[in-house]
Amino acid sequence: MKSWIGFRSLVWREIVRFLSVFSQTIFPPVVSSFLYIFIFGFSLGGHIEQVQGVSYLSFLIPGLIMMYAIDGSYANTSGSLFISRWANNIEELLVTPLSYVEMVFAMLIGGLTRCLVTTAGVYLVSLIFVRFPVAHPFEVLYFLVFVSLTFSSIGLIVALFAEEFEHLSIITTFVITPLVFFGGVFHSISMVPDALKWLTSFNPMFYMVNGLRHGMLGISDVPVFPCMGLVFLMCFAVFLTTVYLFRIGFKLRK
Amino acid sequence: MLPAISVNHLTKFYRRFKALEDVSLAVEPGEFFGFLGPNGAGKTTTINVVTGLANYQSGEVRVFGHDVTREYRLTRAAIGLVPQEFNFDPFLSVEQILVFEAGYFGIPSREAKMRAGELLEFFSLASKRTEGYKKLSGGMKRRLLIARALMHRPKILILDEPTAGVDLELRYLLWDFLKKLNREGTTILLTTHYIEEAERLCGRIGVIHQGKIVAVDSTAALIRKMGGDRMEFYLKNDVTKVFAGVSSVPFTVESSGRKISFKAGEGAIPAVLKILQGHGVEVEQIDVRRPTLEDAFLKLIGKKGDGGA
């Protein structure tokens, strides 16, 4: 019971944190997704023929949602933990009887909550432009939850390694954004040259974007079950790594 | 009865620097224990190991018999830490800081809010409950640190230099409060380099210097070890030459020969008076210096104090 209260308190603290700066955490993705959908999907997309049997505008929505799911989850945990290390209030947490698994999991739930709030916002914006029935709601939930937990864990790992604020955005700019873009947010793999097709098969984001696209539209460049398996394994691996780093006190304990 | 805190042969490195070397000490339940040492001696490092904020290389640290590494949940639940530096959550208000911290310790929200209200009232912070901690003065932040550590009513309260940079009024207030808390049964471990603080509050004292424990004893015993009173005679004339050949009393001549100080006891006072009378030197003033913990401390860490023999 006590443990549950501690866990719940930390989850709530993580939510209070991102809500207290909602103009930096919730608004920007909603506004920029509006721009993406309007310019790429609505304006330019009108000149693109159908992709895998759906309009380009519809094709674009799941990719964008996955992009913001990844971005929001990573930004939430990396920002929260790095600021806690920087302001030293991580010590407030480290002296409490919460287990390392509880600490990590509570922060991940914080990342997941921000991801769900943000992606719900992006989805609502998309309804202004296009509406379609969701093909497989369970798959949508599955990919959102596991991808969010994965990138929330990665956010925590990066926040532990980072020495400066810039290090957090370096990963976003040079790793996450390129991989998400090449993972097929804006295009199908059938549109790119063979060499890039081969390279894309090593990009985990490709399976995440396509998994969600299958969930929302029923179309995908690859079968959905391998995508589900890969996302689950990645999530499990980075979660264990994060708990291990907390357990040994990597850059947390002196 | 199991010690509240027991540290056995603790050694800790920061990379190659040996911060703690074979540190052993025990704090008994209900005790008010002072941990004394100059800056960088290893006080905070020892506390950090006990509370889970620092790793260590060898040794064993237990809290009420539980190992701080293997049974960290039990040991951390028993301790309230007042750190030296302010380390508040920048996203929370003063009241939230207390309520969330209590939550992490498993205190239900309603109970936590009630306790926060009481402590904010007691520490005169109630009017600031909705503010961020950055809006508080230094003294207020210090009080908030203590309130936060008390939210889960810990059996052991560890305070790392709680009165550093605190004005006199608050210092006396805190001293009274800590004494009361200790009387009510809370074990207290306090680090300080204000000797007066340790002397007033602590029943027993451990002295650490360059990562090693150099003494652990009752405050009274540490002072007693310094020997008897020290006499200081202020004189009308320069006595440098008068005492030039005297070897019966170990003494120090200061202030251009107009002050002589020596340890009282074993006929020292009559002997000095006799010499002075013999040379017709008048005594203007006599001071008696009781040895203090400061003298003991300075002696232990190898610096010569005024009263040091």
# chains A, B, ... in the order shown; residues from 1 in each chain; ligands from 1
>>> select_by_dssp(residues="region 19-144 of chain B", states="helix (DSSP H, G or I)", output="VMD selection string")
chain B and resid 43 to 51 72 to 78 94 to 104 109 to 122 126 to 128 133 to 135 138 to 144
>>> closest_atom_pairs(of="chain B", to="chain A", cutoff="7 Å", atoms="only C-alpha atoms", output="Markdown table")
| residue | atom | partner | partner_atom | distance |
| --- | --- | --- | --- | --- |
| B:Thr51 | CA | A:Val95 | CA | 5.9 |
| B:Gly52 | CA | A:Val95 | CA | 6.1 |
| B:Leu53 | CA | A:Arg253 | CA | 4.9 |
| B:Ala54 | CA | A:Lys254 | CA | 4.5 |
| B:Asn55 | CA | A:Arg253 | CA | 6.2 |
| B:Tyr72 | CA | A:Pro97 | CA | 6.9 |
| B:Arg73 | CA | A:Pro97 | CA | 4.2 |
| B:Leu74 | CA | A:Pro97 | CA | 6.8 |
| B:Arg76 | CA | A:Pro97 | CA | 5.2 |
| B:Ala77 | CA | A:Pro97 | CA | 5.3 |
| B:Asn87 | CA | A:Asn89 | CA | 4.6 |
| B:Phe88 | CA | A:Asn89 | CA | 5.2 |
| B:Asp89 | CA | A:Asn89 | CA | 5.3 |
| B:Phe91 | CA | A:Arg17 | CA | 5.9 |
| B:Phe100 | CA | A:Ser9 | CA | 6.1 |
| B:Gly103 | CA | A:Gly6 | CA | 5.1 |
| B:Tyr104 | CA | A:Gly6 | CA | 3.9 |
| B:Phe105 | CA | A:Gly6 | CA | 5.8 |
| B:Gly106 | CA | A:Lys2 | CA | 4.1 |
| B:Ile107 | CA | A:Lys2 | CA | 6.9 |
| B:Pro108 | CA | A:Ile5 | CA | 6.5 |
>>> write_last_selection(atoms="N, CA, C and O atoms", output="mmCIF file, in the first residue's frame")
data_model
loop_
_atom_site.group_PDB
_atom_site.id
_atom_site.type_symbol
_atom_site.label_atom_id
_atom_site.label_comp_id
_atom_site.auth_asym_id
_atom_site.auth_seq_id
_atom_site.Cartn_x
_atom_site.Cartn_y
_atom_site.Cartn_z
ATOM 1 N N THR B 51 22.521 7.543 3.710
ATOM 2 C CA THR B 51 21.188 7.852 3.172
ATOM 3 C C THR B 51 20.970 7.316 1.752
ATOM 4 O O THR B 51 19.865 7.410 1.231
ATOM 5 N N GLY B 52 22.009 6.782 1.133
ATOM 6 C CA GLY B 52 21.834 6.217 -0.201
ATOM 7 C C GLY B 52 22.178 7.175 -1.322
ATOM 8 O O GLY B 52 21.840 6.938 -2.473
ATOM 9 N N LEU B 53 22.849 8.284 -0.999
ATOM 10 C CA LEU B 53 23.205 9.239 -2.047
ATOM 11 C C LEU B 53 24.617 9.014 -2.577
ATOM 12 O O LEU B 53 25.052 9.700 -3.499
ATOM 13 N N ALA B 54 25.337 8.085 -1.963
ATOM 14 C CA ALA B 54 26.693 7.807 -2.460
ATOM 15 C C ALA B 54 26.967 6.304 -2.417
ATOM 16 O O ALA B 54 26.491 5.604 -1.509
ATOM 17 N N ASN B 55 27.681 5.836 -3.404
ATOM 18 C CA ASN B 55 28.152 4.442 -3.405
ATOM 19 C C ASN B 55 29.408 4.362 -2.549
ATOM 20 O O ASN B 55 30.032 5.378 -2.244
ATOM 21 N N TYR B 72 17.659 -1.254 1.148
ATOM 22 C CA TYR B 72 17.620 0.210 1.104
ATOM 23 C C TYR B 72 16.238 0.788 1.361
ATOM 24 O O TYR B 72 16.093 1.891 1.882
ATOM 25 N N ARG B 73 15.201 0.031 1.029
ATOM 26 C CA ARG B 73 13.847 0.575 1.230
ATOM 27 C C ARG B 73 13.552 0.730 2.719
ATOM 28 O O ARG B 73 12.940 1.703 3.136
ATOM 29 N N LEU B 74 13.990 -0.260 3.512
ATOM 30 C CA LEU B 74 13.763 -0.184 4.957
ATOM 31 C C LEU B 74 14.602 0.917 5.596
ATOM 32 O O LEU B 74 14.128 1.653 6.460
ATOM 33 N N ARG B 76 15.975 3.616 4.189
ATOM 34 C CA ARG B 76 15.606 4.974 3.769
ATOM 35 C C ARG B 76 14.305 5.431 4.426
ATOM 36 O O ARG B 76 14.123 6.615 4.693
ATOM 37 N N ALA B 77 13.397 4.472 4.674
ATOM 38 C CA ALA B 77 12.124 4.835 5.307
ATOM 39 C C ALA B 77 12.347 5.350 6.727
ATOM 40 O O ALA B 77 11.538 6.122 7.249
ATOM 41 N N ASN B 87 17.853 21.624 -2.249
ATOM 42 C CA ASN B 87 17.650 20.730 -3.405
ATOM 43 C C ASN B 87 16.163 20.484 -3.616
ATOM 44 O O ASN B 87 15.703 19.357 -3.693
ATOM 45 N N PHE B 88 15.422 21.609 -3.724
ATOM 46 C CA PHE B 88 13.973 21.502 -3.878
ATOM 47 C C PHE B 88 13.578 21.297 -5.339
ATOM 48 O O PHE B 88 14.284 21.726 -6.246
ATOM 49 N N ASP B 89 12.405 20.684 -5.503
ATOM 50 C CA ASP B 89 11.844 20.482 -6.831
ATOM 51 C C ASP B 89 11.413 21.846 -7.393
ATOM 52 O O ASP B 89 10.539 22.498 -6.824
ATOM 53 N N PHE B 91 9.645 22.652 -9.829
ATOM 54 C CA PHE B 91 8.323 22.742 -10.466
ATOM 55 C C PHE B 91 7.184 22.782 -9.450
ATOM 56 O O PHE B 91 6.029 22.904 -9.835
ATOM 57 N N PHE B 100 4.392 16.030 -1.721
ATOM 58 C CA PHE B 100 4.945 15.010 -2.625
ATOM 59 C C PHE B 100 6.025 14.184 -1.929
ATOM 60 O O PHE B 100 6.071 12.966 -2.092
ATOM 61 N N GLY B 103 4.441 11.765 0.113
ATOM 62 C CA GLY B 103 3.869 10.743 -0.768
ATOM 63 C C GLY B 103 4.892 9.692 -1.154
ATOM 64 O O GLY B 103 4.618 8.489 -1.111
ATOM 65 N N TYR B 104 6.111 10.129 -1.500
ATOM 66 C CA TYR B 104 7.159 9.173 -1.880
ATOM 67 C C TYR B 104 7.460 8.205 -0.724
ATOM 68 O O TYR B 104 7.896 7.092 -0.932
ATOM 69 N N PHE B 105 7.221 8.697 0.507
ATOM 70 C CA PHE B 105 7.443 7.847 1.680
ATOM 71 C C PHE B 105 6.190 7.043 2.043
ATOM 72 O O PHE B 105 6.147 6.405 3.085
ATOM 73 N N GLY B 106 5.168 7.139 1.213
ATOM 74 C CA GLY B 106 3.983 6.306 1.415
ATOM 75 C C GLY B 106 2.926 6.913 2.319
ATOM 76 O O GLY B 106 2.035 6.218 2.792
ATOM 77 N N ILE B 107 3.011 8.225 2.578
ATOM 78 C CA ILE B 107 1.992 8.872 3.419
ATOM 79 C C ILE B 107 0.823 9.274 2.521
ATOM 80 O O ILE B 107 1.025 9.985 1.529
ATOM 81 N N PRO B 108 -0.399 8.836 2.851
ATOM 82 C CA PRO B 108 -1.552 9.196 2.006
ATOM 83 C C PRO B 108 -1.732 10.712 1.928
ATOM 84 O O PRO B 108 -1.401 11.428 2.881
#
>>> residues_around(residues="Gly41 (chain A)", least_positions_apart="5", cutoff="10 Å", atoms="only C-alpha atoms", output="PyMOL selection string")
chain A and resi 34-36+46-48+55-61+126+129-130+186
>>> residues_around(residues="Ile128 (chain A)", least_positions_apart="3", cutoff="10 Å", atoms="only C-alpha atoms", output="list in words")
Phe34, Ile37, Phe38, Tyr123, Leu124, Val125 and Arg131 of chain A
>>> residues_around(residues="Ser6 (chain B)", least_positions_apart="4", cutoff="6 Å", atoms="only C-alpha atoms", output="PyMOL selection string")
chain B and resi 25-26+61-62
>>> atom_distance(atom1="CA of Glu85 (chain B)", atom2="CA of Leu159 (chain B)")
11.0 Å
>>> residues_around(residues="region 196-209 of chain B", least_positions_apart="6", cutoff="8 Å", atoms="only C-alpha atoms", output="JSON, numbers by chain")
{"B": [25, 31, 32, 33, 34, 35, 36, 37, 38, 41, 42, 43, 175, 179, 215, 216, 217, 218, 219, 293, 294, 297, 300, 301]}
>>> residues_around(residues="Asn76 (chain A)", least_positions_apart="4", cutoff="10 Å", atoms="only C-alpha atoms", output="PyMOL selection string")
chain A and resi 14-15+17-18+25+71-72+80-81+107-108+110-115+151-152+155-156
>>> select_by_dssp(residues="region 174-215 of chain B", states="strand (DSSP E)", output="short mmCIF file (atom, residue, chain, number, x, y, z; two decimals) with N, CA, C and O atoms, in the first residue's frame")
data_model
loop_
_atom_site.label_atom_id
_atom_site.label_comp_id
_atom_site.auth_asym_id
_atom_site.auth_seq_id
_atom_site.Cartn_x
_atom_site.Cartn_y
_atom_site.Cartn_z
N THR B 187 16.28 9.97 17.06
CA THR B 187 17.74 9.90 17.04
C THR B 187 18.23 10.99 16.10
O THR B 187 17.70 11.13 14.99
N ILE B 188 19.23 11.75 16.54
CA ILE B 188 19.70 12.83 15.67
C ILE B 188 21.19 12.71 15.41
O ILE B 188 21.99 12.50 16.33
N LEU B 189 21.54 12.79 14.15
CA LEU B 189 22.95 12.86 13.75
C LEU B 189 23.13 14.22 13.08
O LEU B 189 22.45 14.54 12.11
N LEU B 190 24.05 14.99 13.65
CA LEU B 190 24.21 16.36 13.16
C LEU B 190 25.66 16.60 12.78
O LEU B 190 26.56 16.27 13.55
N THR B 191 25.88 17.09 11.59
CA THR B 191 27.26 17.47 11.27
C THR B 191 27.33 18.99 11.38
O THR B 191 26.36 19.69 11.10
N THR B 192 28.45 19.45 11.81
CA THR B 192 28.60 20.89 11.95
C THR B 192 30.09 21.20 12.00
O THR B 192 30.90 20.34 12.31
N ARG B 204 27.26 12.88 22.39
CA ARG B 204 28.48 12.21 21.96
C ARG B 204 28.94 12.81 20.64
O ARG B 204 28.11 13.29 19.85
N ILE B 205 30.23 12.74 20.43
CA ILE B 205 30.78 13.37 19.23
C ILE B 205 31.79 12.47 18.55
O ILE B 205 32.60 11.80 19.21
N GLY B 206 31.71 12.44 17.25
CA GLY B 206 32.73 11.77 16.46
C GLY B 206 33.49 12.85 15.69
O GLY B 206 32.88 13.76 15.15
N VAL B 207 34.80 12.75 15.69
CA VAL B 207 35.59 13.73 14.95
C VAL B 207 36.23 13.04 13.75
O VAL B 207 36.85 11.98 13.89
N ILE B 208 36.02 13.62 12.59
CA ILE B 208 36.59 13.04 11.36
C ILE B 208 37.55 14.05 10.76
O ILE B 208 37.30 15.26 10.76
N HIS B 209 38.68 13.54 10.29
CA HIS B 209 39.67 14.42 9.69
C HIS B 209 40.36 13.67 8.54
O HIS B 209 40.83 12.55 8.72
N LYS B 212 39.34 10.08 8.02
CA LYS B 212 39.52 9.08 9.08
C LYS B 212 38.88 9.58 10.37
O LYS B 212 38.92 10.77 10.67
N ILE B 213 38.33 8.64 11.14
CA ILE B 213 37.78 9.00 12.45
C ILE B 213 38.97 9.16 13.39
O ILE B 213 39.79 8.25 13.55
N VAL B 214 39.06 10.34 14.03
CA VAL B 214 40.17 10.54 14.95
C VAL B 214 39.73 10.45 16.41
O VAL B 214 40.57 10.29 17.30
N ALA B 215 38.43 10.54 16.67
CA ALA B 215 37.94 10.35 18.03
C ALA B 215 36.44 10.15 18.02
O ALA B 215 35.74 10.73 17.19
#
>>> closest_residue(among="B:Glu28, B:Asp238, B:Glu232, B:Glu21", to="Glu282 (chain B)", atoms="only C-alpha atoms")
B:Asp238
>>> atom_distance(atom1="CA of Leu120 (chain B)", atom2="CA of Lys134 (chain B)")
16.2 Å
>>> atom_distance(atom1="CA of Asp160 (chain B)", atom2="CA of Ala159 (chain A)")
27.8 Å
